[in-house]
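I have placed the structure first, in the form of structure tokens, so that the comments after it can refer back to it.
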Amino acid sequence: MNPATKPTETNQPSAHLRLVSDRAGSAASGITLSGVSKTYRSRDGDVPSLRPLDFHINEGEFFVVVGPSGCGKSTLLKMISGLLAPSTGEILVEGEPVTKPHGNVGIVFQNALLLPWRNILSNVMFPIDMKKLPRNEYLPRAKALLKLVGLEGFEKKLPWQLSGGMQQRASICRALVHDPKIMLMDEPFGALDAMTREKMNVELMRIQRETGKTVLLITHSIPEAVFLADRVLVMTERPGAIAAIYDVPLPRPRSLDAMADPAFTELVQRIRKHFFTQSALD
Amino acid sequence: MAELKRESGVSKALNAAWVRPFLFLLFIVVMWDLTIRLFQIPAYQIPAPGDVVAVLRTDWPELLRQAWPTTYATICGFLLSALFGIPVAMLIAGSKTVESYVYPLLVFSQSVPKIAIAPLFVVWFGFGIIPKVISAFLLGFFPVVVSAVQGFKSVDPDMVDLARAMQGSRFQVFRAVNLPHAMPAIFSGLKVSVTLAVVGAVVGEFVGSNSGIGYVMQRSIGTFDLPTMFAALVILALLGVILFWVVDRIERLVIPWHVSQREDIIFAS
């Protein structure tokens with residue numbers, strides 16, 4: 001681990017083609033973006049959403065993207081899952097170029113988005129139904145996942161009978177049930193209260209460690225980003241570009257005490273400066 | 001102890017869903033009777049409740065026989081409006097092009113009074129059951145389409161994205177997400193539709209018919225036989241209530257998960 005926070009890349013949001021990380025990464029695993037940009041066409045002309053991005057997420061890495069609202073973070077997530085084609089550039093997932101939904105991702109949104117007519121177990125099984133995989137093979141896995149997140153005994157309950165935090169746990173199970181390599185999380189705990197949110201962060205780290213998934217998480221909260229991540233990508237305001245990528249020097253496993261670590265506070269300060277200096281310049 | 005038990009039995013009976021509206025109805029009938037007695041309203045203007053009940057009792061077989069064609073036309077018209085309304089709503093909600101072409105025209109067509117064009121159906125389809133079915137269908141169709149469109153459109157786009165990211169085909173996603181999501185809205189449309197279908201069938205019978213409740217009403221107005229006319233109204237109201245109740249029961253079976261049914265689930269578990 002690095003003794004101090006070390007930015008692997010800094011400032012100048014307009015420049016995009018630069019070395020992103022000192023960590024070695026091979027394009028055959030994880031997620032690779034090369035020159036990926038997105039421009040939406042509308043009646044009033046083209047609206048650039050993302051400027052060309054180049055970065056690589058290693059397999060099994062906890063990668064967090066933090067940025068102001070409207071910087072195209074959700075667009076990024078949709079492109080990686082194959083729902084949206086990039087305007088330029090190429091995305092590789094596990095070495096395969098993404099052209100259509102590939103199903104090798106689990107998605108968690110800000111809202112749990114459980115189907116109200118399915119019970120918890122059957123909600124977790126939803127990706128299995130969509131992918132037409134054999135139900136009986138995955139049923140034990142779904143139950144095991146529910147047990148992993150502490151929802152044992154709630155299988156037959158309907159979503160509304162569970163609290164917000166429990167619903168979000170169930171949606172995490174749904175994202176994992178088909179055993180994808182990658183978990184995409186779009187502000188997954190944004191709708192929860194602060195206390196539940198901290199608890200869920202600790203929980204999520206545990207789940208990630210136990211399952212070994214590659215996680216790409218999007219958040220507005222800088223402390224949350226630093227607490228969770230192996231690396232934090234800081235984005236600029238719209239149209240989004242990479243401002244910097246930081247390695248997080250905190251050892252794992254982390255507890256909430258890690259937030260008191262000087263290295264933690266220093267990195268949080270450092271990332272925060274990006275947004276303040278940026279808006280000061282604007 | 002026994003006292004307490006009996007009391008809870010009484011309050012339980014009062015809590016049954018049908019008791020309160022029934023009590024209120026009873027109150028209205030009493031007021032009706034009192035008003036007639038008090039202001040001495042002649043029977044050819046408003047009949048006394050007693051007379052209406054007497055007609056209902058003596059002419060019951062005849063009224064019931066006349067209720068059949070009306071019921072039949074209503075149910076056929078209602079089923080047709082569900083059968084066409086839901087797919088049309090699917091097309092409107094699924095395609096911007098279809099919506100831009102069809103929806104404004106559909107709304108426009110609703111401003112045409114059905115009663116005014118009902119005679120046209122007699123010209124086209126004669127005095128049989130068909131013009132009544134069409135009239136019932138036309139009245140029931142619009143509410144189904146409007147609520148179903150709203151139901152199909154209110155799906156969370158993130159949920160659809162999630163299903164698509166799991167490689168669900170368009171049909172799979174529709175069946176697993178959009179359709180169940182739209183069910184509560186569809187049923188609220190069906191409930192409005194079924195009561196309007198009764199009106200449609202009667203309108204059809206007004207214009208040209210020799211059977212049905214609408215015909216009975218038309219005939220009894222002609223002879224100032226107001227008790228029979230009111231008895232026919234009671235039959236119509238009963239028909240509407242029964243059909244509404246049937247749709248409501250089906251709704252409970254089809255969407256037991258919905259907010260409006262939740263209390264039942266709690267009691268059941």
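Convention: chains lettered A, B, ... in structure tokens order; per-chain residue numbering from 1; ligands numbered from 1 as shown.
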
Interface residues on chain A facing chain B, 6 Å, only C-alpha atoms, written as a PyMOL selection string: chain A and resi 101+103+117+127+130-131

Backbone-only DSSP, strand (DSSP E or B) members of range 68-216 of chain A, as a list in words: Thr88, Gly89, Glu90, Ile91, Leu92, Val93, Glu96, Pro97, Val105, Gly106, Ile107, Val108, Ile182, Met183, Leu184, Met185, Asp186, Thr214, Val215 and Leu216 of chain A

For the residues in the current selection, export C-alpha atoms as a PDB file, in the first residue's frame.
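What follows is the written file again26.pdb:
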ATOM      1  CA  THR A  88     -17.118   6.825 -30.188  1.00  0.00           C
ATOM      2  CA  GLY A  89     -14.627   4.344 -28.798  1.00  0.00           C
ATOM      3  CA  GLU A  90     -14.890   0.810 -27.566  1.00  0.00           C
ATOM      4  CA  ILE A  91     -15.765  -0.934 -24.316  1.00  0.00           C
ATOM      5  CA  LEU A  92     -14.342  -4.339 -23.489  1.00  0.00           C
ATOM      6  CA  VAL A  93     -15.855  -6.503 -20.767  1.00  0.00           C
ATOM      7  CA  GLU A  96     -15.239  -8.993 -25.305  1.00  0.00           C
ATOM      8  CA  PRO A  97     -16.370  -5.809 -27.070  1.00  0.00           C
ATOM      9  CA  VAL A 105     -23.456  -7.540 -15.171  1.00  0.00           C
ATOM     10  CA  GLY A 106     -25.651  -7.157 -12.142  1.00  0.00           C
ATOM     11  CA  ILE A 107     -27.239  -3.740 -11.731  1.00  0.00           C
ATOM     12  CA  VAL A 108     -28.321  -1.985  -8.546  1.00  0.00           C
ATOM     13  CA  ILE A 182     -19.353  -7.245 -12.741  1.00  0.00           C
ATOM     14  CA  MET A 183     -21.644  -5.354 -10.431  1.00  0.00           C
ATOM     15  CA  LEU A 184     -22.773  -1.910 -11.568  1.00  0.00           C
ATOM     16  CA  MET A 185     -24.220   0.255  -8.814  1.00  0.00           C
ATOM     17  CA  ASP A 186     -25.807   3.633  -9.502  1.00  0.00           C
ATOM     18  CA  THR A 214     -15.620  -6.403  -9.885  1.00  0.00           C
ATOM     19  CA  VAL A 215     -17.671  -3.465  -8.630  1.00  0.00           C
ATOM     20  CA  LEU A 216     -18.254  -0.172 -10.398  1.00  0.00           C
TER      21      LEU A 216
END

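If you look at CA of Leu139 in chain A and CA of Ala170 in chain A, they are 14.3 Å away from each other.
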
Filtered DSSP result for range 162-272 of chain A, state helix (DSSP H, G or I), as a PyMOL selection string: chain A and resi 164-176+194-211+222-228+256-260+262-272

Suppose we keep C-alpha atoms; can you now write the selection as a CSV table (one decimal), in the first residue's frame?
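File written: again_30.csv
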chain,number,residue,atom,x,y,z
A,164,GLY,CA,-35.9,0.3,2.5
A,165,GLY,CA,-32.5,-1.1,3.5
A,166,MET,CA,-33.8,-4.7,3.3
A,167,GLN,CA,-35.2,-4.0,-0.1
A,168,GLN,CA,-31.9,-2.7,-1.3
A,169,ARG,CA,-30.2,-5.8,0.1
A,170,ALA,CA,-32.6,-8.0,-1.9
A,171,SER,CA,-31.8,-6.0,-5.0
A,172,ILE,CA,-28.1,-6.6,-4.4
A,173,CYS,CA,-28.9,-10.4,-4.3
A,174,ARG,CA,-30.8,-9.9,-7.6
A,175,ALA,CA,-27.7,-8.3,-9.1
A,176,LEU,CA,-25.6,-11.3,-8.0
A,194,ALA,CA,-27.5,8.1,6.8
A,195,MET,CA,-27.3,5.4,9.5
A,196,THR,CA,-28.6,2.6,7.3
A,197,ARG,CA,-26.3,3.9,4.6
A,198,GLU,CA,-23.1,3.4,6.7
A,199,LYS,CA,-24.2,0.0,7.7
A,200,MET,CA,-24.9,-0.9,4.1
A,201,ASN,CA,-21.5,0.3,3.0
A,202,VAL,CA,-19.8,-2.0,5.5
A,203,GLU,CA,-22.1,-4.8,4.3
A,204,LEU,CA,-21.3,-4.2,0.7
A,205,MET,CA,-17.6,-4.4,1.3
A,206,ARG,CA,-18.1,-7.7,3.0
A,207,ILE,CA,-20.3,-9.0,0.1
A,208,GLN,CA,-17.7,-7.8,-2.4
A,209,ARG,CA,-14.9,-9.6,-0.5
A,210,GLU,CA,-16.9,-12.8,-0.2
A,211,THR,CA,-18.0,-12.9,-3.8
A,222,ILE,CA,-16.9,11.7,-1.4
A,223,PRO,CA,-16.4,10.0,2.0
A,224,GLU,CA,-18.5,7.0,0.8
A,225,ALA,CA,-16.3,6.8,-2.3
A,226,VAL,CA,-13.1,6.8,-0.4
A,227,PHE,CA,-14.3,4.4,2.2
A,228,LEU,CA,-15.4,1.8,-0.3
A,256,LEU,CA,-16.1,2.5,10.0
A,257,ASP,CA,-13.0,3.4,12.1
A,258,ALA,CA,-11.1,3.8,8.8
A,259,MET,CA,-13.0,7.1,8.4
A,260,ALA,CA,-10.9,8.5,11.3
A,262,PRO,CA,-5.6,10.6,8.5
A,263,ALA,CA,-5.0,9.1,5.1
A,264,PHE,CA,-8.8,8.9,4.7
A,265,THR,CA,-9.5,12.5,5.6
A,266,GLU,CA,-6.6,13.7,3.5
A,267,LEU,CA,-7.9,12.0,0.4
A,268,VAL,CA,-11.4,13.2,1.0
A,269,GLN,CA,-10.1,16.7,1.3
A,270,ARG,CA,-8.1,16.3,-1.8
A,271,ILE,CA,-11.0,15.0,-3.9
A,272,ARG,CA,-13.2,17.7,-2.5

Neighbour list for Glu251 in chain B as a VMD selection string, cut-off 10 Å, only C-alpha atoms, skip fewer than 3 positions in-chain: chain B and resid 183 to 184 186 to 188 190 to 191 245 to 248 254 to 256 258 261

Include N, CA and C atoms and write out the residues we just selected as a PDB file, in the first residue's frame.
ATOM      1  N   MET B 183     -51.626  -3.727 -14.830  1.00  0.00           N
ATOM      2  CA  MET B 183     -52.872  -4.397 -14.434  1.00  0.00           C
ATOM      3  C   MET B 183     -53.789  -3.558 -13.528  1.00  0.00           C
ATOM      4  N   PRO B 184     -53.267  -2.933 -12.465  1.00  0.00           N
ATOM      5  CA  PRO B 184     -54.172  -2.143 -11.613  1.00  0.00           C
ATOM      6  C   PRO B 184     -54.881  -1.044 -12.392  1.00  0.00           C
ATOM      7  N   ILE B 186     -55.457  -1.020 -15.631  1.00  0.00           N
ATOM      8  CA  ILE B 186     -56.393  -1.652 -16.558  1.00  0.00           C
ATOM      9  C   ILE B 186     -57.694  -1.992 -15.836  1.00  0.00           C
ATOM     10  N   PHE B 187     -57.561  -2.518 -14.617  1.00  0.00           N
ATOM     11  CA  PHE B 187     -58.770  -2.903 -13.889  1.00  0.00           C
ATOM     12  C   PHE B 187     -59.604  -1.696 -13.485  1.00  0.00           C
ATOM     13  N   SER B 188     -58.959  -0.584 -13.141  1.00  0.00           N
ATOM     14  CA  SER B 188     -59.773   0.580 -12.800  1.00  0.00           C
ATOM     15  C   SER B 188     -60.515   1.057 -14.049  1.00  0.00           C
ATOM     16  N   LEU B 190     -61.513  -1.010 -16.472  1.00  0.00           N
ATOM     17  CA  LEU B 190     -62.552  -2.022 -16.710  1.00  0.00           C
ATOM     18  C   LEU B 190     -63.771  -1.775 -15.826  1.00  0.00           C
ATOM     19  N   LYS B 191     -63.528  -1.311 -14.593  1.00  0.00           N
ATOM     20  CA  LYS B 191     -64.649  -1.064 -13.674  1.00  0.00           C
ATOM     21  C   LYS B 191     -65.522   0.080 -14.168  1.00  0.00           C
ATOM     22  N   TRP B 245     -69.291  -5.774  -9.302  1.00  0.00           N
ATOM     23  CA  TRP B 245     -68.812  -6.671  -8.243  1.00  0.00           C
ATOM     24  C   TRP B 245     -68.005  -7.831  -8.843  1.00  0.00           C
ATOM     25  N   VAL B 246     -68.512  -8.369  -9.965  1.00  0.00           N
ATOM     26  CA  VAL B 246     -67.812  -9.485 -10.607  1.00  0.00           C
ATOM     27  C   VAL B 246     -66.411  -9.047 -11.043  1.00  0.00           C
ATOM     28  N   VAL B 247     -66.331  -7.851 -11.685  1.00  0.00           N
ATOM     29  CA  VAL B 247     -65.025  -7.357 -12.134  1.00  0.00           C
ATOM     30  C   VAL B 247     -64.110  -7.139 -10.922  1.00  0.00           C
ATOM     31  N   ASP B 248     -64.682  -6.595  -9.858  1.00  0.00           N
ATOM     32  CA  ASP B 248     -63.909  -6.355  -8.641  1.00  0.00           C
ATOM     33  C   ASP B 248     -63.340  -7.654  -8.066  1.00  0.00           C
ATOM     34  N   VAL B 254     -56.652 -11.486  -9.659  1.00  0.00           N
ATOM     35  CA  VAL B 254     -55.548 -11.274 -10.602  1.00  0.00           C
ATOM     36  C   VAL B 254     -54.410 -10.466  -9.977  1.00  0.00           C
ATOM     37  N   ILE B 255     -54.745  -9.422  -9.215  1.00  0.00           N
ATOM     38  CA  ILE B 255     -53.663  -8.610  -8.640  1.00  0.00           C
ATOM     39  C   ILE B 255     -53.763  -8.540  -7.115  1.00  0.00           C
ATOM     40  N   PRO B 256     -53.572  -9.675  -6.445  1.00  0.00           N
ATOM     41  CA  PRO B 256     -53.669  -9.666  -4.975  1.00  0.00           C
ATOM     42  C   PRO B 256     -52.553  -8.868  -4.321  1.00  0.00           C
ATOM     43  N   HIS B 258     -51.593  -5.822  -5.105  1.00  0.00           N
ATOM     44  CA  HIS B 258     -51.697  -4.382  -5.245  1.00  0.00           C
ATOM     45  C   HIS B 258     -52.079  -3.687  -3.933  1.00  0.00           C
ATOM     46  N   GLN B 261     -55.368  -3.999  -2.232  1.00  0.00           N
ATOM     47  CA  GLN B 261     -55.781  -5.300  -1.696  1.00  0.00           C
ATOM     48  C   GLN B 261     -54.980  -5.708  -0.470  1.00  0.00           C
TER      49      GLN B 261
END

Quick one: everything within 10 Å of Thr71 in chain B, counting only C-alpha atoms, minus sequence neighbours fewer than 5 positions away in the same chain. Send it as a PDB file with N, CA and C atoms, in the first residue's frame.
ATOM      1  N   GLN B  66     -86.897  -9.707 -19.408  1.00  0.00           N
ATOM      2  CA  GLN B  66     -86.450  -8.554 -20.201  1.00  0.00           C
ATOM      3  C   GLN B  66     -85.020  -8.155 -19.860  1.00  0.00           C
ATOM      4  N   CYS B  76     -71.418  -8.627 -23.734  1.00  0.00           N
ATOM      5  CA  CYS B  76     -70.728  -8.716 -25.026  1.00  0.00           C
ATOM      6  C   CYS B  76     -69.989  -7.421 -25.327  1.00  0.00           C
ATOM      7  N   GLY B  77     -70.672  -6.283 -25.136  1.00  0.00           N
ATOM      8  CA  GLY B  77     -70.055  -4.986 -25.412  1.00  0.00           C
ATOM      9  C   GLY B  77     -68.844  -4.755 -24.522  1.00  0.00           C
ATOM     10  N   ALA B 197     -70.993   0.297 -19.970  1.00  0.00           N
ATOM     11  CA  ALA B 197     -71.533  -0.645 -20.952  1.00  0.00           C
ATOM     12  C   ALA B 197     -73.025  -0.872 -20.707  1.00  0.00           C
ATOM     13  N   VAL B 198     -73.441  -0.881 -19.441  1.00  0.00           N
ATOM     14  CA  VAL B 198     -74.868  -1.012 -19.132  1.00  0.00           C
ATOM     15  C   VAL B 198     -75.631   0.154 -19.761  1.00  0.00           C
ATOM     16  N   ALA B 201     -75.869  -0.271 -23.528  1.00  0.00           N
ATOM     17  CA  ALA B 201     -76.864  -1.263 -23.947  1.00  0.00           C
ATOM     18  C   ALA B 201     -78.268  -0.675 -23.878  1.00  0.00           C
ATOM     19  N   VAL B 202     -78.550   0.069 -22.811  1.00  0.00           N
ATOM     20  CA  VAL B 202     -79.888   0.649 -22.657  1.00  0.00           C
ATOM     21  C   VAL B 202     -80.153   1.707 -23.723  1.00  0.00           C
ATOM     22  N   GLY B 212     -85.804  -6.066 -23.763  1.00  0.00           N
ATOM     23  CA  GLY B 212     -84.761  -5.468 -22.930  1.00  0.00           C
ATOM     24  C   GLY B 212     -85.318  -4.429 -21.979  1.00  0.00           C
ATOM     25  N   ILE B 213     -84.510  -4.114 -20.958  1.00  0.00           N
ATOM     26  CA  ILE B 213     -84.934  -3.175 -19.929  1.00  0.00           C
ATOM     27  C   ILE B 213     -85.163  -1.776 -20.531  1.00  0.00           C
ATOM     28  N   LEU B 236     -81.892  -2.218 -13.528  1.00  0.00           N
ATOM     29  CA  LEU B 236     -80.677  -1.729 -14.189  1.00  0.00           C
ATOM     30  C   LEU B 236     -79.558  -1.492 -13.176  1.00  0.00           C
ATOM     31  N   LEU B 239     -78.161  -4.655 -12.014  1.00  0.00           N
ATOM     32  CA  LEU B 239     -77.304  -5.231 -13.058  1.00  0.00           C
ATOM     33  C   LEU B 239     -75.916  -4.598 -13.010  1.00  0.00           C
ATOM     34  N   GLY B 240     -75.908  -3.254 -12.923  1.00  0.00           N
ATOM     35  CA  GLY B 240     -74.628  -2.537 -12.854  1.00  0.00           C
ATOM     36  C   GLY B 240     -73.812  -2.956 -11.652  1.00  0.00           C
ATOM     37  N   LEU B 243     -72.426  -6.601 -12.037  1.00  0.00           N
ATOM     38  CA  LEU B 243     -71.307  -6.697 -12.990  1.00  0.00           C
ATOM     39  C   LEU B 243     -70.044  -6.047 -12.417  1.00  0.00           C
TER      40      LEU B 243
END

Determine, counting only C-alpha atoms, which protein, DNA and RNA residues have an atom within 7 Å of an atom of Arg238 in chain A; residues of the same chain fewer than 4 positions away are not included. Present the result as an mmCIF file with N, CA and C atoms, in the first residue's frame.
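In the end it all went to selection_26.cif:
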data_model
loop_
_atom_site.group_PDB
_atom_site.id
_atom_site.type_symbol
_atom_site.label_atom_id
_atom_site.label_comp_id
_atom_site.auth_asym_id
_atom_site.auth_seq_id
_atom_site.Cartn_x
_atom_site.Cartn_y
_atom_site.Cartn_z
ATOM 1 N N SER A 49 -22.424 14.405 -23.575
ATOM 2 C CA SER A 49 -22.656 13.941 -22.213
ATOM 3 C C SER A 49 -21.353 13.479 -21.572
ATOM 4 N N GLY A 70 -25.295 15.093 -13.176
ATOM 5 C CA GLY A 70 -25.362 15.434 -14.586
ATOM 6 C C GLY A 70 -24.033 15.339 -15.302
ATOM 7 N N CYS A 71 -23.072 14.597 -14.733
ATOM 8 C CA CYS A 71 -21.774 14.504 -15.410
ATOM 9 C C CYS A 71 -21.704 13.252 -16.271
ATOM 10 N N GLY A 72 -22.835 12.579 -16.449
ATOM 11 C CA GLY A 72 -22.857 11.443 -17.357
ATOM 12 C C GLY A 72 -22.483 10.119 -16.714
#

Counting only C-alpha atoms, the residue of B:Leu38, B:Ala231, B:Ala237, B:Ile242 that sits nearest Asp59 in chain B: B:Ala231

CA of Val199 in chain B to CA of Glu62 in chain B, straight-line distance in Å: 20.6 Å
